[in-house]
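Asker: What follows is a structure written as structure tokens; I'll ask about it next.
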Amino acid sequence: MDDEKQIYRVIDANLNRLREGLRVCEEYFRFIKNEKVPSQKIKELRHKCKDLQVCFDEKILFSARDSENDPFCDGFEAAEKTRKNAKDLLDANVKRCQEAARAIEEFAKLLENENASKIAKTVRFELYTFEKEIYSGR
């Protein structure tokens, strides 16, 4: 696999990770906490991910995807087994989203995709602010 295709593989995986993590956070606030405001904020962030996704050619992303050969596709990380409740899931997924946004931001720069990098950075900083908001009141 050439370097550019590997970069697209990283971006594809992190776009998926970001959207999936946001969905877990949204479901936590919507169904566990029954809180509309944070649910709505996360939903808006998920929609920004669509803006981020369209910065990349979908065909190239799909051609770079190699989920069958992902070395972590068939097991759990040790940390995943230690989560005791829904709050632990929230905590892990907020961090997962921040990390995914950072990875997209950095790897998009290697493709000289400035727009994608800027959107990913915006999403990352919105996640930092969101994290502060949800944890400062608890």
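Ordering of the structure tokens sets the chain letters (A, B, ...), residue numbers begin anew at 1 in every chain, and ligands are numbered from 1 in the order given.
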Just want the 10 Å neighbourhood of Ile32 of chain A, counted on only C-alpha atoms, with same-chain residues fewer than 5 positions away dropped. Output as a ChimeraX atom specification.

Answerer: /A:26-27,86-87

Asker: Could you check the closest approach to Asn14 of chain A for each of A:Phe130, A:Phe72, A:Phe29, A:Phe107 and tell me which residue wins, using only C-alpha atoms?

Answerer: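 Distance minimum relative to Asn14 of chain A lands on A:Phe107.
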
Asker: List the spatial neighbours of Lys118 of chain A as an MDAnalysis selection string - criterion: any atom at most 8 Å away, only C-alpha atoms, same-chain residues fewer than 4 positions off excluded.

Answerer: chainID A and resid 105 114 122

Asker: Which is closest to Ile7 of chain A among A:Cys73, A:His47, A:Ala92, A:Ile60, if we use only C-alpha atoms?

Answerer: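 Closest to Ile7 of chain A, using only C-alpha atoms: A:Ile60.
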
Asker: Quick check for you: according to DSSP on this backbone, which residues of chain A are classed as alpha helix (DSSP H)? Reply as a PyMOL selection string.

Answerer: chain A and resi 3-27+36-53+58-64+86-110+114-136

Asker: Which residue gives the smallest distance to Arg96 of chain A among A:Asp70, A:Glu20, A:Glu44, A:Glu112, with only C-alpha atoms counted?

Answerer: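 Under the stated criterion, the closest residue is A:Glu20.
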
Asker: Rounded to one decimal, what separation in Å do you get between atom CA of Ser67 of chain A and atom CA of Lys50 of chain A?

Answerer: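 So the two atoms, atom CA of Ser67 of chain A and atom CA of Lys50 of chain A, lie 21.0 Å apart.
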
Asker: Between atom CA of Glu68 of chain A and atom CA of Asp91 of chain A, what distance in Å does the model show, to one decimal?

Answerer: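 It comes out at 28.1 Å.
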
Asker: With only C-alpha atoms as the basis for distance, which of A:Thr82, A:Ser117, A:Ser136, A:Gln40 is at the shortest distance from Ile11 of chain A?

Answerer: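 Result for the nearest residue to Ile11 of chain A: A:Ser117.
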
Asker: Please report the interatomic distance between atom CA of Asp66 of chain A and atom CA of Arg9 of chain A in Å with one decimal.

Answerer: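 Spanning atom CA of Asp66 of chain A to atom CA of Arg9 of chain A is a straight-line distance of 7.4 Å.
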
Asker: From the set A:Arg23, A:Ala100, A:Lys121, A:Tyr135, which residue has the shortest atom-to-atom contact distance to Arg46 of chain A, counting only C-alpha atoms?

Answerer: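 Once distances to Arg46 of chain A are computed over only C-alpha atoms, the minimum belongs to A:Arg23.
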
Asker: Just the residues within 9 Å of Cys25 of chain A, please, counting only C-alpha atoms, with nothing from its chain fewer than 3 positions along; format it as a PDB file with N, CA and C atoms, in the first residue's frame.

Answerer:
ATOM      1  N   GLU A  20     -18.747   7.558  15.255  1.00  0.00           N
ATOM      2  CA  GLU A  20     -19.231   6.530  16.179  1.00  0.00           C
ATOM      3  C   GLU A  20     -19.149   7.005  17.629  1.00  0.00           C
ATOM      4  N   GLY A  21     -18.030   7.624  17.985  1.00  0.00           N
ATOM      5  CA  GLY A  21     -17.868   8.131  19.343  1.00  0.00           C
ATOM      6  C   GLY A  21     -18.878   9.214  19.664  1.00  0.00           C
ATOM      7  N   LEU A  22     -19.129  10.095  18.694  1.00  0.00           N
ATOM      8  CA  LEU A  22     -20.139  11.135  18.907  1.00  0.00           C
ATOM      9  C   LEU A  22     -21.519  10.521  19.091  1.00  0.00           C
ATOM     10  N   TYR A  28     -25.900   8.740  25.145  1.00  0.00           N
ATOM     11  CA  TYR A  28     -25.782   8.866  26.590  1.00  0.00           C
ATOM     12  C   TYR A  28     -26.654  10.020  27.084  1.00  0.00           C
ATOM     13  N   PHE A  29     -26.488  11.180  26.481  1.00  0.00           N
ATOM     14  CA  PHE A  29     -27.256  12.345  26.951  1.00  0.00           C
ATOM     15  C   PHE A  29     -28.731  12.257  26.579  1.00  0.00           C
ATOM     16  N   ARG A  30     -29.026  11.652  25.465  1.00  0.00           N
ATOM     17  CA  ARG A  30     -30.422  11.558  25.038  1.00  0.00           C
ATOM     18  C   ARG A  30     -31.201  10.521  25.840  1.00  0.00           C
ATOM     19  N   PRO A  38     -27.178  19.005  25.707  1.00  0.00           N
ATOM     20  CA  PRO A  38     -25.938  18.347  25.272  1.00  0.00           C
ATOM     21  C   PRO A  38     -26.173  17.381  24.107  1.00  0.00           C
ATOM     22  N   SER A  39     -27.326  16.739  24.070  1.00  0.00           N
ATOM     23  CA  SER A  39     -27.636  15.853  22.944  1.00  0.00           C
ATOM     24  C   SER A  39     -27.626  16.631  21.640  1.00  0.00           C
ATOM     25  N   ILE A  42     -24.068  17.671  20.520  1.00  0.00           N
ATOM     26  CA  ILE A  42     -23.333  16.557  19.927  1.00  0.00           C
ATOM     27  C   ILE A  42     -23.884  16.240  18.537  1.00  0.00           C
ATOM     28  N   LEU A  89     -18.386   5.044  29.699  1.00  0.00           N
ATOM     29  CA  LEU A  89     -18.480   5.039  28.242  1.00  0.00           C
ATOM     30  C   LEU A  89     -18.409   6.458  27.692  1.00  0.00           C
ATOM     31  N   LEU A  90     -19.120   7.367  28.334  1.00  0.00           N
ATOM     32  CA  LEU A  90     -19.092   8.768  27.924  1.00  0.00           C
ATOM     33  C   LEU A  90     -17.663   9.300  27.983  1.00  0.00           C
ATOM     34  N   ASP A  91     -17.010   9.110  29.115  1.00  0.00           N
ATOM     35  CA  ASP A  91     -15.642   9.603  29.298  1.00  0.00           C
ATOM     36  C   ASP A  91     -14.720   9.090  28.192  1.00  0.00           C
ATOM     37  N   ASN A  93     -15.478   7.926  25.241  1.00  0.00           N
ATOM     38  CA  ASN A  93     -15.846   8.361  23.900  1.00  0.00           C
ATOM     39  C   ASN A  93     -15.587   9.837  23.649  1.00  0.00           C
ATOM     40  N   VAL A  94     -15.669  10.667  24.668  1.00  0.00           N
ATOM     41  CA  VAL A  94     -15.290  12.074  24.497  1.00  0.00           C
ATOM     42  C   VAL A  94     -13.809  12.141  24.115  1.00  0.00           C
TER      43      VAL A  94
END

Asker: Would you mind telling me which residue in A:Ala13, A:Leu111, A:Val123, A:Leu61 lies nearest to Cys49 of chain A when using only C-alpha atoms?

Answerer: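 Closest to Cys49 of chain A, using only C-alpha atoms: A:Val123.
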
Asker: Skip Glu58 of chain A itself and residues of its chain fewer than 4 positions away, then list as a PyMOL selection string all residues within 12 Å of it, counting only C-alpha atoms.

Answerer: chain A and resi 8-9+11-12+15+50+52-54+62-65

Asker: Would you output that residue set with C-alpha atoms, as a PDB file, in the first residue's frame?

Answerer:
ATOM      1  CA  TYR A   8      -6.380   7.789   3.512  1.00  0.00           C
ATOM      2  CA  ARG A   9      -6.772   4.587   5.523  1.00  0.00           C
ATOM      3  CA  ILE A  11      -8.367   9.272   7.806  1.00  0.00           C
ATOM      4  CA  ASP A  12     -11.147   6.818   6.956  1.00  0.00           C
ATOM      5  CA  LEU A  15     -13.746   9.617  10.440  1.00  0.00           C
ATOM      6  CA  LYS A  50     -20.411  15.321   7.269  1.00  0.00           C
ATOM      7  CA  LEU A  52     -15.446  17.010   7.114  1.00  0.00           C
ATOM      8  CA  GLN A  53     -16.157  13.800   5.215  1.00  0.00           C
ATOM      9  CA  VAL A  54     -16.982  15.624   1.970  1.00  0.00           C
ATOM     10  CA  PHE A  62     -13.293   3.230   0.610  1.00  0.00           C
ATOM     11  CA  SER A  63     -10.458   1.897  -1.524  1.00  0.00           C
ATOM     12  CA  ALA A  64      -8.032   2.583   1.334  1.00  0.00           C
ATOM     13  CA  ARG A  65     -10.217   0.829   3.906  1.00  0.00           C
TER      14      ARG A  65
END
